[in-house]
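So this one's upload-v6.cif, mmCIF, C-alpha atoms and all ligand atoms:
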```
data_coords
#
loop_
_atom_site.label_atom_id
_atom_site.label_comp_id
_atom_site.auth_asym_id
_atom_site.auth_seq_id
_atom_site.Cartn_x
_atom_site.Cartn_y
_atom_site.Cartn_z
CA MET Z 56 35.07 17.23 15.08
CA LYS Z 57 32.96 14.18 15.77
CA ARG Z 58 32.60 10.86 14.01
CA VAL Z 59 29.00 9.67 13.98
CA ALA Z 60 27.51 6.46 12.56
CA VAL Z 61 23.90 5.76 11.60
CA LEU Z 62 21.97 2.52 11.12
CA THR Z 63 18.39 1.45 10.41
CA SER Z 64 17.04 -1.52 12.34
CA GLY Z 65 13.99 -3.81 12.61
CA GLY Z 66 11.07 -3.60 10.19
CA ASP Z 67 11.71 -0.93 7.57
CA ALA Z 68 9.39 2.07 7.39
CA PRO Z 69 8.71 4.62 4.63
CA GLY Z 70 10.75 7.70 5.52
CA MET Z 71 13.82 5.89 6.86
CA ASN Z 72 15.82 7.13 3.87
CA ALA Z 73 14.78 10.72 4.52
CA ALA Z 74 16.00 10.27 8.11
CA ILE Z 75 19.37 8.83 7.00
CA ARG Z 76 19.74 11.77 4.59
CA ALA Z 77 18.99 14.29 7.34
CA VAL Z 78 21.41 12.65 9.80
CA VAL Z 79 24.25 12.58 7.25
CA ARG Z 80 23.65 16.08 5.89
CA CYS Z 81 23.16 17.75 9.29
CA GLY Z 82 26.30 16.01 10.57
CA VAL Z 83 28.35 17.09 7.53
CA ALA Z 84 27.02 20.65 7.97
CA LYS Z 85 28.58 20.61 11.43
CA GLY Z 86 31.92 19.54 9.94
CA TRP Z 87 31.65 15.97 11.28
CA GLU Z 88 32.61 12.69 9.63
CA MET Z 89 29.54 10.53 9.02
CA TYR Z 90 29.37 6.73 8.66
CA GLY Z 91 26.64 4.36 7.48
CA ILE Z 92 26.25 0.84 8.89
CA ARG Z 93 24.75 -1.85 6.60
CA ASN Z 94 21.90 -4.14 7.73
CA GLY Z 95 21.26 -2.80 11.22
CA TYR Z 96 22.85 -4.36 14.28
CA ALA Z 97 24.04 -7.35 12.21
CA GLY Z 98 26.30 -5.00 10.20
CA LEU Z 99 27.42 -3.31 13.39
CA ILE Z 100 28.58 -6.64 14.81
CA SER Z 101 30.38 -7.64 11.59
CA GLY Z 102 31.87 -4.16 11.09
CA ASN Z 103 30.05 -3.47 7.80
CA ILE Z 104 30.56 0.30 8.08
CA ARG Z 105 31.60 2.93 5.54
CA GLN Z 106 31.98 6.68 5.44
CA MET Z 107 29.14 8.65 3.85
CA GLY Z 108 29.05 12.13 2.36
CA THR Z 109 26.21 14.36 1.24
CA ARG Z 110 26.18 12.85 -2.29
CA ASP Z 111 25.75 9.33 -0.90
CA VAL Z 112 22.33 10.38 0.36
CA GLY Z 113 21.30 12.28 -2.79
CA GLY Z 114 18.02 11.32 -4.52
CA ILE Z 115 16.71 9.16 -1.67
CA ILE Z 116 14.26 11.41 0.20
CA GLN Z 117 11.36 10.11 -1.93
CA LYS Z 118 12.34 6.44 -1.74
CA GLY Z 119 10.73 3.81 0.48
CA GLY Z 120 12.71 1.19 2.39
CA THR Z 121 16.22 1.94 3.58
CA ILE Z 122 19.40 2.31 1.48
CA LEU Z 123 21.40 1.01 4.46
CA GLY Z 124 19.36 -2.19 4.70
CA SER Z 125 17.79 -3.46 7.90
CA ALA Z 126 17.68 -6.66 9.92
CA ARG Z 127 16.32 -8.25 13.04
CA CYS Z 128 19.41 -9.41 14.91
CA GLU Z 129 19.17 -12.04 17.66
CA GLU Z 130 22.90 -11.78 18.49
CA PHE Z 131 22.54 -8.14 19.47
CA LYS Z 132 20.14 -9.16 22.25
CA THR Z 133 23.16 -10.66 24.04
CA VAL Z 134 25.87 -8.71 25.92
CA GLU Z 135 28.55 -10.47 23.83
CA GLY Z 136 26.87 -9.33 20.60
CA ARG Z 137 26.68 -5.74 21.81
CA LEU Z 138 30.32 -5.77 22.93
CA LYS Z 139 31.31 -6.90 19.41
CA GLY Z 140 29.30 -3.94 18.09
CA ILE Z 141 31.05 -1.50 20.43
CA ARG Z 142 34.43 -2.90 19.29
CA SER Z 143 33.52 -2.24 15.61
CA LEU Z 144 32.63 1.38 16.44
CA ARG Z 145 35.74 2.00 18.56
CA GLN Z 146 38.02 0.55 15.84
CA LEU Z 147 36.88 3.35 13.52
CA GLY Z 148 37.07 5.99 16.26
CA ILE Z 149 33.32 6.61 16.11
CA ASP Z 150 32.03 8.83 18.95
CA ALA Z 151 28.27 8.32 18.73
CA LEU Z 152 25.62 6.19 17.02
CA VAL Z 153 22.17 7.09 15.66
CA VAL Z 154 19.69 4.20 15.63
CA ILE Z 155 16.63 4.66 13.41
CA GLY Z 156 14.03 2.08 14.37
CA GLY Z 157 11.12 0.92 16.51
CA ASN Z 158 10.59 -0.77 19.85
CA GLY Z 159 13.01 -3.71 19.59
CA SER Z 160 15.71 -1.53 18.00
CA GLN Z 161 15.45 1.09 20.73
CA THR Z 162 15.74 -1.62 23.38
CA GLY Z 163 19.08 -2.41 21.69
CA SER Z 164 20.02 1.31 21.79
CA TYR Z 165 19.14 1.50 25.46
CA HIS Z 166 21.41 -1.43 26.34
CA LEU Z 167 24.25 -0.21 24.13
CA ASN Z 168 24.12 3.22 25.75
CA LYS Z 169 24.00 1.68 29.24
CA GLU Z 170 27.00 -0.46 28.39
CA GLY Z 171 29.03 2.65 27.63
CA PHE Z 172 28.55 3.66 23.99
CA PRO Z 173 26.77 7.00 23.32
CA VAL Z 174 23.55 6.43 21.37
CA VAL Z 175 20.63 8.55 20.16
CA GLY Z 176 17.48 6.80 18.90
CA VAL Z 177 15.15 8.05 16.16
CA ALA Z 178 11.52 6.85 16.39
CA SER Z 179 10.66 4.90 13.24
CA THR Z 180 8.10 2.13 12.85
CA ILE Z 181 4.80 1.75 11.02
CA ASP Z 182 3.29 0.46 14.30
CA ASN Z 183 3.42 3.83 16.14
CA ASP Z 184 3.85 1.87 19.36
CA LEU Z 185 6.88 3.71 20.76
CA TYR Z 186 6.49 5.47 24.09
CA GLY Z 187 7.92 9.01 24.01
CA THR Z 188 6.57 10.11 20.65
CA GLU Z 189 3.15 10.93 19.29
CA MET Z 190 4.12 9.83 15.78
CA THR Z 191 6.81 7.55 14.41
CA ILE Z 192 8.38 7.73 10.94
CA GLY Z 193 6.39 5.57 8.51
CA VAL Z 194 3.03 5.31 10.22
CA ASP Z 195 1.33 8.01 8.17
CA THR Z 196 2.34 6.42 4.85
CA ALA Z 197 1.34 2.94 6.09
CA LEU Z 198 -2.00 4.33 7.21
CA ASN Z 199 -2.67 5.81 3.78
CA ILE Z 200 -1.86 2.47 2.14
CA ALA Z 201 -4.31 0.68 4.46
CA LEU Z 202 -6.88 3.34 3.69
CA GLU Z 203 -6.53 2.91 -0.05
CA ALA Z 204 -7.07 -0.83 0.40
CA ILE Z 205 -10.20 -0.22 2.51
CA ASP Z 206 -11.61 2.19 -0.10
CA ARG Z 207 -11.03 -0.38 -2.83
CA LEU Z 208 -12.65 -3.17 -0.83
CA LYS Z 209 -15.63 -0.95 -0.14
CA THR Z 210 -16.34 -0.57 -3.87
CA THR Z 211 -16.51 -4.29 -4.50
CA ALA Z 212 -18.27 -4.90 -1.15
CA THR Z 213 -21.05 -2.52 -2.23
CA SER Z 214 -21.46 -4.15 -5.65
CA HIS Z 215 -21.94 -7.56 -4.07
CA GLN Z 216 -23.45 -6.60 -0.71
CA ARG Z 217 -20.73 -8.55 1.02
CA ALA Z 218 -18.93 -8.28 4.31
CA PHE Z 219 -15.18 -7.80 4.02
CA LEU Z 220 -12.53 -8.00 6.67
CA ILE Z 221 -9.12 -6.39 6.33
CA GLU Z 222 -6.25 -7.20 8.67
CA VAL Z 223 -3.61 -4.54 9.15
CA MET Z 224 -0.19 -4.73 10.81
CA GLY Z 225 0.81 -3.15 14.10
CA ARG Z 226 2.19 -6.05 16.11
CA LYS Z 227 0.58 -5.76 19.59
CA CYS Z 228 -0.63 -2.21 19.00
CA GLY Z 229 -4.01 -1.26 17.53
CA TYR Z 230 -3.07 2.26 16.40
CA LEU Z 231 -2.94 1.52 12.64
CA ALA Z 232 -6.18 -0.47 12.73
CA LEU Z 233 -8.00 2.14 14.78
CA MET Z 234 -6.98 5.08 12.61
CA ALA Z 235 -7.50 3.18 9.33
CA GLY Z 236 -10.89 2.01 10.57
CA ILE Z 237 -12.09 5.49 11.52
CA ALA Z 238 -10.70 7.17 8.39
CA GLY Z 239 -12.03 4.34 6.19
CA GLY Z 240 -15.52 4.43 7.72
CA ALA Z 241 -15.36 0.80 8.90
CA GLU Z 242 -18.42 -0.81 10.45
CA TYR Z 243 -16.33 -2.53 13.11
CA ILE Z 244 -12.72 -2.34 14.36
CA LEU Z 245 -11.05 -5.09 16.38
CA LEU Z 246 -8.04 -4.11 18.49
CA PRO Z 247 -5.61 -5.93 20.79
CA GLU Z 248 -6.37 -3.35 23.49
CA VAL Z 249 -10.15 -3.90 23.55
CA GLU Z 250 -11.86 -7.20 24.33
CA THR Z 251 -14.33 -8.07 21.56
CA ASP Z 252 -17.05 -10.69 21.36
CA PRO Z 253 -17.46 -12.01 17.77
CA GLU Z 254 -21.21 -12.23 18.41
CA GLU Z 255 -21.19 -8.45 18.85
CA VAL Z 256 -19.40 -8.08 15.50
CA ALA Z 257 -22.09 -10.24 13.84
CA GLU Z 258 -24.86 -8.22 15.51
CA ASN Z 259 -23.29 -4.99 14.23
CA LEU Z 260 -23.14 -6.36 10.68
CA ARG Z 261 -26.78 -7.48 10.90
CA LEU Z 262 -27.82 -4.00 12.09
CA ALA Z 263 -25.75 -2.34 9.37
CA TYR Z 264 -27.65 -4.26 6.67
CA GLU Z 265 -30.97 -3.66 8.43
CA HIS Z 266 -30.24 0.07 8.37
CA GLY Z 267 -29.79 -0.09 4.62
CA LYS Z 268 -25.99 -0.26 4.32
CA GLU Z 269 -24.81 -2.03 1.19
CA HIS Z 270 -21.44 -3.10 2.48
CA ALA Z 271 -19.76 -3.99 5.73
CA ILE Z 272 -16.07 -3.47 6.38
CA ILE Z 273 -14.38 -4.85 9.46
CA VAL Z 274 -10.83 -3.68 10.21
CA VAL Z 275 -8.81 -6.06 12.37
CA ALA Z 276 -5.42 -5.43 13.97
CA GLU Z 277 -3.03 -8.35 13.48
CA GLY Z 278 -2.51 -8.47 17.25
CA ALA Z 279 -6.24 -8.67 18.12
CA LYS Z 280 -7.47 -11.87 19.76
CA TYR Z 281 -9.86 -12.32 16.84
CA ASN Z 282 -7.51 -11.58 13.96
CA ALA Z 283 -8.44 -12.35 10.33
CA GLU Z 284 -8.00 -16.09 10.71
CA ALA Z 285 -9.77 -16.42 14.06
CA LEU Z 286 -12.72 -14.24 13.07
CA THR Z 287 -13.32 -15.90 9.66
CA ASN Z 288 -13.11 -19.32 11.35
CA TYR Z 289 -15.69 -18.21 13.92
CA PHE Z 290 -18.06 -16.92 11.22
CA ASP Z 291 -17.60 -20.09 9.15
CA GLN Z 292 -18.29 -22.34 12.15
CA HIS Z 293 -21.47 -20.45 13.06
CA HIS Z 294 -22.55 -19.66 9.51
CA ASP Z 295 -26.04 -21.20 9.78
CA ARG Z 296 -26.91 -19.13 12.82
CA LEU Z 297 -25.11 -15.87 11.94
CA GLY Z 298 -26.00 -15.91 8.25
CA PHE Z 299 -22.80 -14.24 7.04
CA ASN Z 300 -19.64 -15.20 5.26
CA ILE Z 301 -16.71 -12.87 5.54
CA ARG Z 302 -14.05 -12.48 2.88
CA ALA Z 303 -10.71 -11.68 4.44
CA THR Z 304 -7.80 -9.65 3.06
CA ILE Z 305 -4.53 -9.64 4.96
CA LEU Z 306 -2.65 -6.52 3.92
CA GLY Z 307 0.69 -7.68 5.37
CA HIS Z 308 3.97 -6.18 4.19
CA VAL Z 309 2.28 -4.15 1.43
CA GLN Z 310 1.85 -1.57 4.20
CA ARG Z 311 5.59 -1.23 4.74
CA GLY Z 312 6.46 -0.86 1.06
CA GLY Z 313 6.22 2.13 -1.22
CA ASP Z 314 7.42 5.68 -1.06
CA PRO Z 315 6.90 7.97 1.93
CA GLY Z 316 4.28 10.71 1.82
CA ALA Z 317 4.96 14.36 2.66
CA PHE Z 318 4.26 13.89 6.38
CA ASP Z 319 6.84 11.12 6.80
CA ARG Z 320 9.48 12.89 4.71
CA LEU Z 321 9.13 16.01 6.85
CA LEU Z 322 8.98 14.13 10.15
CA ALA Z 323 12.06 12.08 9.20
CA SER Z 324 13.97 15.21 8.17
CA ARG Z 325 13.13 16.87 11.49
CA PHE Z 326 13.97 13.76 13.54
CA GLY Z 327 17.27 13.19 11.70
CA CYS Z 328 18.44 16.74 12.40
CA GLY Z 329 17.07 16.45 15.95
CA ALA Z 330 19.37 13.45 16.52
CA ILE Z 331 22.41 15.42 15.36
CA GLU Z 332 21.45 18.34 17.62
CA ALA Z 333 21.16 15.94 20.57
CA ILE Z 334 24.65 14.57 19.82
CA ASP Z 335 25.97 18.14 19.55
CA ARG Z 336 24.60 18.77 23.07
CA GLU Z 337 26.16 15.43 24.14
CA GLU Z 338 22.68 14.34 25.21
CA TYR Z 339 22.87 10.57 24.88
CA GLY Z 340 20.63 7.66 25.78
CA VAL Z 341 17.55 9.44 24.43
CA LEU Z 342 14.89 8.91 21.77
CA VAL Z 343 14.12 11.71 19.33
CA GLY Z 344 10.34 11.95 18.89
CA LEU Z 345 7.40 14.28 18.46
CA LYS Z 346 5.60 15.82 21.43
CA GLU Z 347 3.05 18.61 20.98
CA ASN Z 348 4.28 18.93 17.40
CA MET Z 349 7.82 19.70 18.54
CA VAL Z 350 10.89 17.52 18.16
CA GLN Z 351 11.78 16.48 21.68
CA THR Z 352 13.85 13.83 23.41
CA THR Z 353 12.82 11.21 25.98
CA PRO Z 354 15.28 9.06 27.97
CA LEU Z 355 15.52 5.60 26.40
CA GLU Z 356 15.06 4.10 29.85
CA GLU Z 357 11.58 5.67 29.98
CA VAL Z 358 10.87 4.57 26.40
CA VAL Z 359 11.68 0.90 27.02
CA SER Z 360 9.97 0.67 30.40
CA ASN Z 361 6.59 2.09 29.30
CA ASN Z 362 3.91 0.95 26.89
CA LYS Z 363 2.33 3.52 24.64
CA GLN Z 364 -1.46 3.47 24.98
CA ILE Z 365 -3.94 4.03 22.18
CA SER Z 366 -6.42 6.87 22.66
CA MET Z 367 -9.65 5.67 24.27
CA ASP Z 368 -11.29 8.87 22.97
CA MET Z 369 -10.59 7.63 19.45
CA VAL Z 370 -12.01 4.20 20.35
CA ARG Z 371 -15.22 5.92 21.53
CA LEU Z 372 -15.27 8.04 18.37
CA ALA Z 373 -15.05 4.88 16.24
CA ARG Z 374 -18.07 3.42 18.07
CA ILE Z 375 -20.15 6.55 17.46
CA LEU Z 376 -19.24 6.84 13.78
CA ASP Z 377 -19.59 3.18 12.66
O1 LIG U 1 7.20 -3.64 13.41
C1 LIG U 1 6.79 -3.49 12.09
C2 LIG U 1 6.08 -4.72 11.61
O2 LIG U 1 5.72 -4.52 10.26
C3 LIG U 1 4.87 -5.16 12.44
O3 LIG U 1 3.71 -4.42 12.14
C4 LIG U 1 4.75 -6.60 12.07
O4 LIG U 1 4.10 -7.34 13.08
C5 LIG U 1 6.19 -7.01 11.94
O5 LIG U 1 6.93 -5.84 11.68
C6 LIG U 1 6.46 -8.02 10.86
O6 LIG U 1 7.80 -8.37 10.96
P1 LIG U 1 8.63 -9.10 9.82
O7 LIG U 1 8.76 -8.16 8.68
O8 LIG U 1 9.92 -9.42 10.45
O9 LIG U 1 7.82 -10.29 9.44
#
```
In structure tokens, what does this structure look like?
Amino acid sequence: MKRVAVLTSGGDAPGMNAAIRAVVRCGVAKGWEMYGIRNGYAGLISGNIRQMGTRDVGGIIQKGGTILGSARCEEFKTVEGRLKGIRSLRQLGIDALVVIGGNGSQTGSYHLNKEGFPVVGVASTIDNDLYGTEMTIGVDTALNIALEAIDRLKTTATSHQRAFLIEVMGRKCGYLALMAGIAGGAEYILLPEVETDPEEVAENLRLAYEHGKEHAIIVVAEGAKYNAEALTNYFDQHHDRLGFNIRATILGHVQRGGDPGAFDRLLASRFGCGAIEAIDREEYGVLVGLKENMVQTTPLEEVVSNNKQISMDMVRLARILD
């Protein structure tokens, strides 16, 4: 019999609840005692932990957010903070911890595991910027939300023959912007990974109108050098010469809200059970992710010491299709 705890950490992502449900139910199916920790690493440090059974995770697979709550916790970045967390787990006789979260959260998992507590990470963030997995829980739903916004902007852009810019999240990673831009048929996509000259953006818009397009949509990643603010400022400053005004929409946290789609519910269910299987094998210090459409683990050390790259093939595809 094992005692296993689960927490969600960092920015929430649609599908986190489905992952909690899978972790708890797969653990119970093995005859283990399962525990939920409130508010991420902050709740771990303060010992906000309670036992969970299968009914505690009933009716949540379709819900966005996380029933356990989440937090960004500065104290956990310190050794003292992590030692307090380990003490909370040991007091309850917990054998292993599942951490559902993104880059920052898995850095915490890596340190915790190195400092002697067995941890398994589950890849979950709308940014899809985690090394060791092709997809993270939440990104597909967030992408569809961005896409709906682009489609809506396109309607009004066409009516008024206007240029619209939409900024999407992703921190330092351009994945969401790139995929939303391609799937939304954007005229231009600005990414943190690719240097862009605003004059080239203006030239593209001019050509789009010359070729008879009735709208222009620019998708900008929040981490791009020319994000929504910088690009609109540039166009405003050079309005007389460029001849365009851009109306900007910053999508922000709308992308993280709402209920998960089928893809994220299934991915989260597979990842949650994958974490329990890893614990059953006593394979600790790993991230559960998706590789070649199979649930596979990657050492957390590799995850935290590598940066996931966006696909340059997709960047080229975007250029051809704009
Ligand atoms: O990591 C997820 C994410 O939504 C990023 O895309 C974004 O940059 C960040 O979190 C926003 O963080 P917060 O919700 O703490 O403002």
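Taking atom CA of Z:Gly312 as the reference point, atom CA of Z:Tyr96 is found at 21.3 Å.
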If you take only C-alpha atoms and all ligand atoms and a cut-off of 9 Å, which residues of chain Z touch ligand LIG 1 (chain U), and what are their nearest atom pairs and distances in Å to one decimal, in chain and number order, as a Markdown table?
```
| residue | atom | partner | partner_atom | distance |
| --- | --- | --- | --- | --- |
| Z:Gly65 | CA | U:LIG1 | O1 | 6.8 |
| Z:Gly66 | CA | U:LIG1 | C1 | 4.7 |
| Z:Asp67 | CA | U:LIG1 | C1 | 7.2 |
| Z:Ala68 | CA | U:LIG1 | C1 | 7.7 |
| Z:Ala126 | CA | U:LIG1 | O8 | 8.3 |
| Z:Arg127 | CA | U:LIG1 | O8 | 7.0 |
| Z:Gly156 | CA | U:LIG1 | O1 | 9.0 |
| Z:Gly157 | CA | U:LIG1 | O1 | 6.8 |
| Z:Asn158 | CA | U:LIG1 | O1 | 7.8 |
| Z:Gly159 | CA | U:LIG1 | O1 | 8.5 |
| Z:Thr180 | CA | U:LIG1 | C1 | 5.8 |
| Z:Ile181 | CA | U:LIG1 | C1 | 5.7 |
| Z:Asp182 | CA | U:LIG1 | O3 | 5.4 |
| Z:Asn183 | CA | U:LIG1 | O1 | 8.8 |
| Z:Asp184 | CA | U:LIG1 | O1 | 8.8 |
| Z:Val223 | CA | U:LIG1 | O3 | 7.9 |
| Z:Met224 | CA | U:LIG1 | O3 | 4.1 |
| Z:Gly225 | CA | U:LIG1 | O3 | 3.7 |
| Z:Arg226 | CA | U:LIG1 | O4 | 3.8 |
| Z:Lys227 | CA | U:LIG1 | O4 | 7.6 |
| Z:Cys228 | CA | U:LIG1 | O3 | 8.4 |
| Z:Leu231 | CA | U:LIG1 | O3 | 8.9 |
| Z:Glu277 | CA | U:LIG1 | O4 | 7.2 |
| Z:Gly278 | CA | U:LIG1 | O4 | 7.9 |
| Z:Gly307 | CA | U:LIG1 | O2 | 7.7 |
| Z:His308 | CA | U:LIG1 | O2 | 6.5 |
| Z:Gln310 | CA | U:LIG1 | O2 | 7.8 |
| Z:Arg311 | CA | U:LIG1 | O2 | 6.4 |
```
_Residue nearest Z:Thr287 - candidates Z:Gln161, Z:Ala218, Z:Thr352, Z:Gly344, atoms counted: only C-alpha atoms_ = Z:Ala218
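One distance worth recording is that between atom CA of Z:Ala74 and atom CA of Z:Gly136, which is 25.7 Å.
Between Z:Ser164 and the candidates Z:Val177, Z:Val256, Z:Ile149, Z:Met107, the tightest atom-to-atom separation, counting all atoms listed in the file, involves Z:Val177.
The protein and nucleic acid residues lying at most 6 Å from Z:Asn72 are Gly70, Ala74, Ile75, Ile115, Ile116 and Thr121 of chain Z, with only C-alpha atoms considered and sequence neighbours fewer than 2 positions away removed.
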*Go through Z:Ala197, Z:Ile192, Z:Met349, Z:Ala60 one by one, measure the shortest atom-to-atom distance of each to Z:Leu321 using only C-alpha atoms, and give the residue with the smallest value.*
Z:Ile192
*Give as a ChimeraX atom specification every residue, naming chains and numbers as the document does, that has an atom within 12 Å of (-14.9, -17.5, 11.0), counting all atoms listed in the file.*
/Z:219-220,253-254,256-257,281-295,297-303
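Between atom CA of Z:Ala235 and atom CA of Z:Gly313 lies a distance of 17.3 Å.
With distances restricted to only C-alpha atoms, Z:Ala276 is the closest residue to Z:Ile305 from Z:Ala276, Z:His270, Z:Lys139, Z:Asp111.
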*Determine, counting all atoms listed in the file, which protein, DNA and RNA residues have an atom within 9 Å of an atom of Z:Trp87; residues of the same chain fewer than 6 positions away are not included. Present the result as a PyMOL selection string.*
chain Z and resi 56-59+81
*Would you please work out which residue, of Z:Gly108, Z:Pro173, Z:Gly229, Z:Gly240, is nearest to Z:Arg336 when using only C-alpha atoms?*
Z:Pro173
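Proximity of Z:Pro69, Z:Gly176, Z:Gly86, Z:Gly236 to Z:Ala330, computed with only C-alpha atoms, is greatest for Z:Gly176.
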*Z:Gly239: which residues within 8 Å, counting all atoms listed in the file, same-chain residues fewer than 6 positions away excluded, as a list in words?*
Leu202, Ile205 and Asp206 of chain Z
